[in-house]
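This report refers to the structure that appears directly beneath it.
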Amino acid sequence: MLTFRAQIPNGFSLPRRISRLGELAYNLWWTWNPDAQRLYSRIDRELWERTYHNPVQFLRQVERARLNAVMNNRYYLEFYDRTFRSFDQYMEAKETWFQSAYPELENHLIAYFSMEFGLHETLPIYAGGLGVLSGDHTKEASDLGLPFVAIGFFYTEGYFTQRITEDGWQEAQYLPHPFSELPVLPVMEEGGKPLLVSVDLPGRKVFVRLWEVRVGRVPLYLLDANLEENSPGDRALTARLYSSDPDLRISQEILLGIGGVRALRRLGYAPDVWHMNEGHSAFLVLERLREYMEEGHSFDQAAELIQSSNVFTTHTPVPAGNDEFALWLVDKYFSNVWPTLGLEREQFMDLARHTVSWGETFSMPALALRFSEHRNGVSELHGQVARKMWQYLWPDKSVEDVPITHITNGIHTGTWLARRLLHLYERYLGADWLEHADDPDVWELVNNIPDDQLWTVRLHLKRKLTAYIRERARERWLRGGWHPSQVVASGVMLDPYALTIGFSRRFAPYKRANLILRDLDRLLRLVSDPEKPVQIIFAGKSHPDHEGGKMLIQEVYRAVKRPEFGGRLAFLEEYDMNLARYLVQGVDVWLNTPRRPNEASGTSGQKAAVNGVLNFSVLDGWWREGYNGQNGWAIGKDIDYDNPDRQDEDDAKSLYDILENEIIPLYYQLRSSDGLPGEWISRIKSSIRTIGPQFSTRRMVKEYLERMYLPALQASLKAPQSLD
Ligand SMILES: *Cc1c(COP(=O)(O)O)cnc(C)c1O
């Protein structure tokens, strides 16, 4: 079906016996298979860390002597053969879940658009939760065998690197990535030139080339405007994620929506279902309208056709999180587009008009909502909020009848689970348990894991976290520019045997990172109890242009540095997927304190839960559905507030009371028979059992398939097939 294929370069000089390490480096299957990662790290552990788990860079730099050493190691070679057998079985499987369930739909295709993809720390093309969700969704689509293709951006400078000054101020550094050393492949034309796609921006054409990322069985294409064909300004269009410059932002979104459709066409794909993951890609609506109209359909016919095959997921109830553009900007970029759609200016603006306090805007989510028949929010509560928020688009419907449903987010279990737990679960849940990661009966078997085995792994993960924190601090200290108080703030004094709370996420004000600091004296009393000490680890970035977020980091950092806390509070720089893995695996309690109902879903607590970490969160987003009274703790009540100060006050009090009266005593309550915290461990089991299946992408992507993609597919089967 495809005319163009990305080729794996023959850049590595590997001994023939282990030459497939080069091929594997370019399939991100290795990111969710710990054995595959060990194929590299066993060759040279230190280099694997130094290259930040990037197998391409690793293979470029590894010494011949190291390769020769494993070539003579029988155990390594057996391990190599075993791992490649499972890789081949995975890639060549004829009986995937999808093929068994829907054999008749094999030749159809779902296209998935997202501004960011969080697949692995080595590919910094994500900022936070939205990206990680897209990455997890794509990995699961591969696991389930969905006919799926994804479109995103190759940001040459990615999201920024975070540094914190002595006074707690976040500084952003942008570092170009080493293109040739990332696990991405250039898509070329027959003659060996990069395949180009163009879009029209005011007064010029802008070109993008494509990079292919292989995510198991699924291809992800990344658009890249950093080309000689473009002006210097345009080359920077895909340099960074989430610019605040409206011209840059609208141009990026034109590239994603319109350029993305053209890229898929150029590659020879004919998707039947188009999934816009958040509003950034909503301009794809315009390109699809244009395509149908060029074939002779009227505007109304074209609109109907694309509505039935479009899927839209909205991700934020925070109005500022929803992209919208001033109408003058839309004039600038689209005045030559509306005639081609047979529309007048006002009719064009009506496609996505939104009235806000300062005037009218062109709203990307509104465009996506109006041109998708299948729409969802990302948790039950967020579904309710979204129906209220977008009701103006359906003025004759009551809020409950607004046609936006919800599919609660989940996580790609294999990506986030610690290797030791994976093996423990294999022993007690069955060798192929991951393929049934959405089946509650399989997770029931967690009860059979002996307490001491589970606890041994938990302690191992905590020690691993503290050791990692120390190593990072040492490296950072050696690089220079750090005040000694920052060494303390970096967590070097953390004790792997003390109750440890993790709080890591984007520093947006509604996430209230400072809620736990509201009563510093009470917090100090709890933290510094010599018999029952408590530690808190903070991490997270603020958008570099957002002063409010940066001030929050500063407030937290200043508290962390206070000597009376004795180094029991820490702030870790540079929260990314690597640090996230250490944290969700290595702390005891995962804290989340959003101001309800602003947390659409959240997923980090789900990652924590499968690793045996207990959630302690506001009843917002997914936790409102996940909490059952026994599998963690709820901060505050299941109610809505009108007064945010009152809400903060009540939530802080609830937080301290539960921490003091329930969490701390339970953690330190040891059973006399074996010296283990028996009650704590049984809570952990209850949390793993109940959260594991329900909040997996296995459950989530099946739900997308059954409730969104299949109805859209069915509609497209009835539609004219001329575009195929
Ligand atoms: C999982 C993850 C997130 C999203 O988690 P929330 O629960 O929404 O905070 C953000 N950033 C990183 C690096 C993650 O791994």
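Residues are named by chain letter and number: chains run A, B, ... in the order of the structure tokens, numbers start at 1 in each chain, and ligands are numbered from 1 in the order shown.
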
* Non-local contacts of Ile516 of chain A (9 Å; only C-alpha atoms; under 2 positions in same chain excluded) as a PyMOL selection string -> chain A and resi 512-514+518-520+523+593+652+655-656

Sorted per-residue table, chain A near ligand 1, closest atoms and distance, 7 Å, only C-alpha atoms and all ligand atoms, as CSV:
```
residue,atom,partner,partner_atom_place_in_ligand_line,distance
A:Ala127,CA,ligand 1,11 (N),6.8
A:Gly128,CA,ligand 1,10 (C),3.8
A:Gly129,CA,ligand 1,4 (C),3.4
A:Val132,CA,ligand 1,2 (C),5.8
A:Ser504,CA,ligand 1,9 (O),6.6
A:Arg505,CA,ligand 1,9 (O),4.2
A:Arg506,CA,ligand 1,9 (O),6.3
A:Tyr575,CA,ligand 1,13 (C),5.8
A:Asp576,CA,ligand 1,13 (C),4.0
A:Met577,CA,ligand 1,13 (C),4.2
A:Ala580,CA,ligand 1,15 (O),4.9
A:Arg581,CA,ligand 1,15 (O),7.0
A:Ser601,CA,ligand 1,8 (O),6.9
A:Gly602,CA,ligand 1,7 (O),3.5
A:Thr603,CA,ligand 1,7 (O),4.0
A:Ser604,CA,ligand 1,7 (O),3.6
A:Gly605,CA,ligand 1,7 (O),5.8
```

* Among segment 452-592 of chain A, which residues carry a DSSP assignment of alpha helix (DSSP H), reported as a PyMOL selection string? -> chain A and resi 452-479+484-489+520-527+547-561+577-586

* Asked: Between A:Val218, A:Asn631, A:Ile537, A:Gln486, which has the minimum distance to Glu679 of chain A (counting only C-alpha atoms)?
  -> A:Asn631

* What is the atom CA of Val62 of chain A to atom CA of Ile43 of chain A distance in Å? -> 8.3 Å

* For Ala302 of chain A, please output as a PyMOL selection string all residues within 6 Å (counting only C-alpha atoms; exclusion window: fewer than 5 positions along the same chain). => chain A and resi 289+292+297

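Note that atom CA of Asn33 of chain A and atom CA of Pro124 of chain A are 19.5 Å apart.
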
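Using only C-alpha atoms for every distance, the candidate list A:Tyr159, A:Phe565, A:Trp274, A:Trp416 yields A:Trp416 as the residue closest to Asp136 of chain A.
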
* To do: Please provide the set of residues having any atom within 10 Å of Asp441 of chain A, restricted to only C-alpha atoms, with same-chain residues fewer than 6 positions apart removed, written as an MDAnalysis selection string.
  => chainID A and resid 429 689 693

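Proximity of A:Gly203, A:Pro711, A:Gly675, A:Pro544 to Ala172 of chain A, computed with only C-alpha atoms, is greatest for A:Pro544.
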
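With only C-alpha atoms as the basis for measurement, A:Arg42 is the residue among A:Ser19, A:Arg42, A:Thr340, A:Tyr425 that approaches Asn73 of chain A most closely.
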
* Asked: Could you state the separation of atom CA of Trp211 of chain A and atom CA of Leu713 of chain A in Å, given to one decimal place?
  -> 27.6 Å

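Among A:Trp680, A:Phe695, A:Phe84, A:Trp390, the residue with the shortest atom-to-atom distance to Pro440 of chain A, counting only C-alpha atoms, is A:Phe695.
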
* **Selection: 12 Å around Asn310 of chain A, only C-alpha atoms, excl. self and same-chain fewer than 2 positions, as a PyMOL selection string** => chain A and resi 110-113+271-277+281-282+284-285+288-289+303-308+312-313+367-376+708-713+715-716
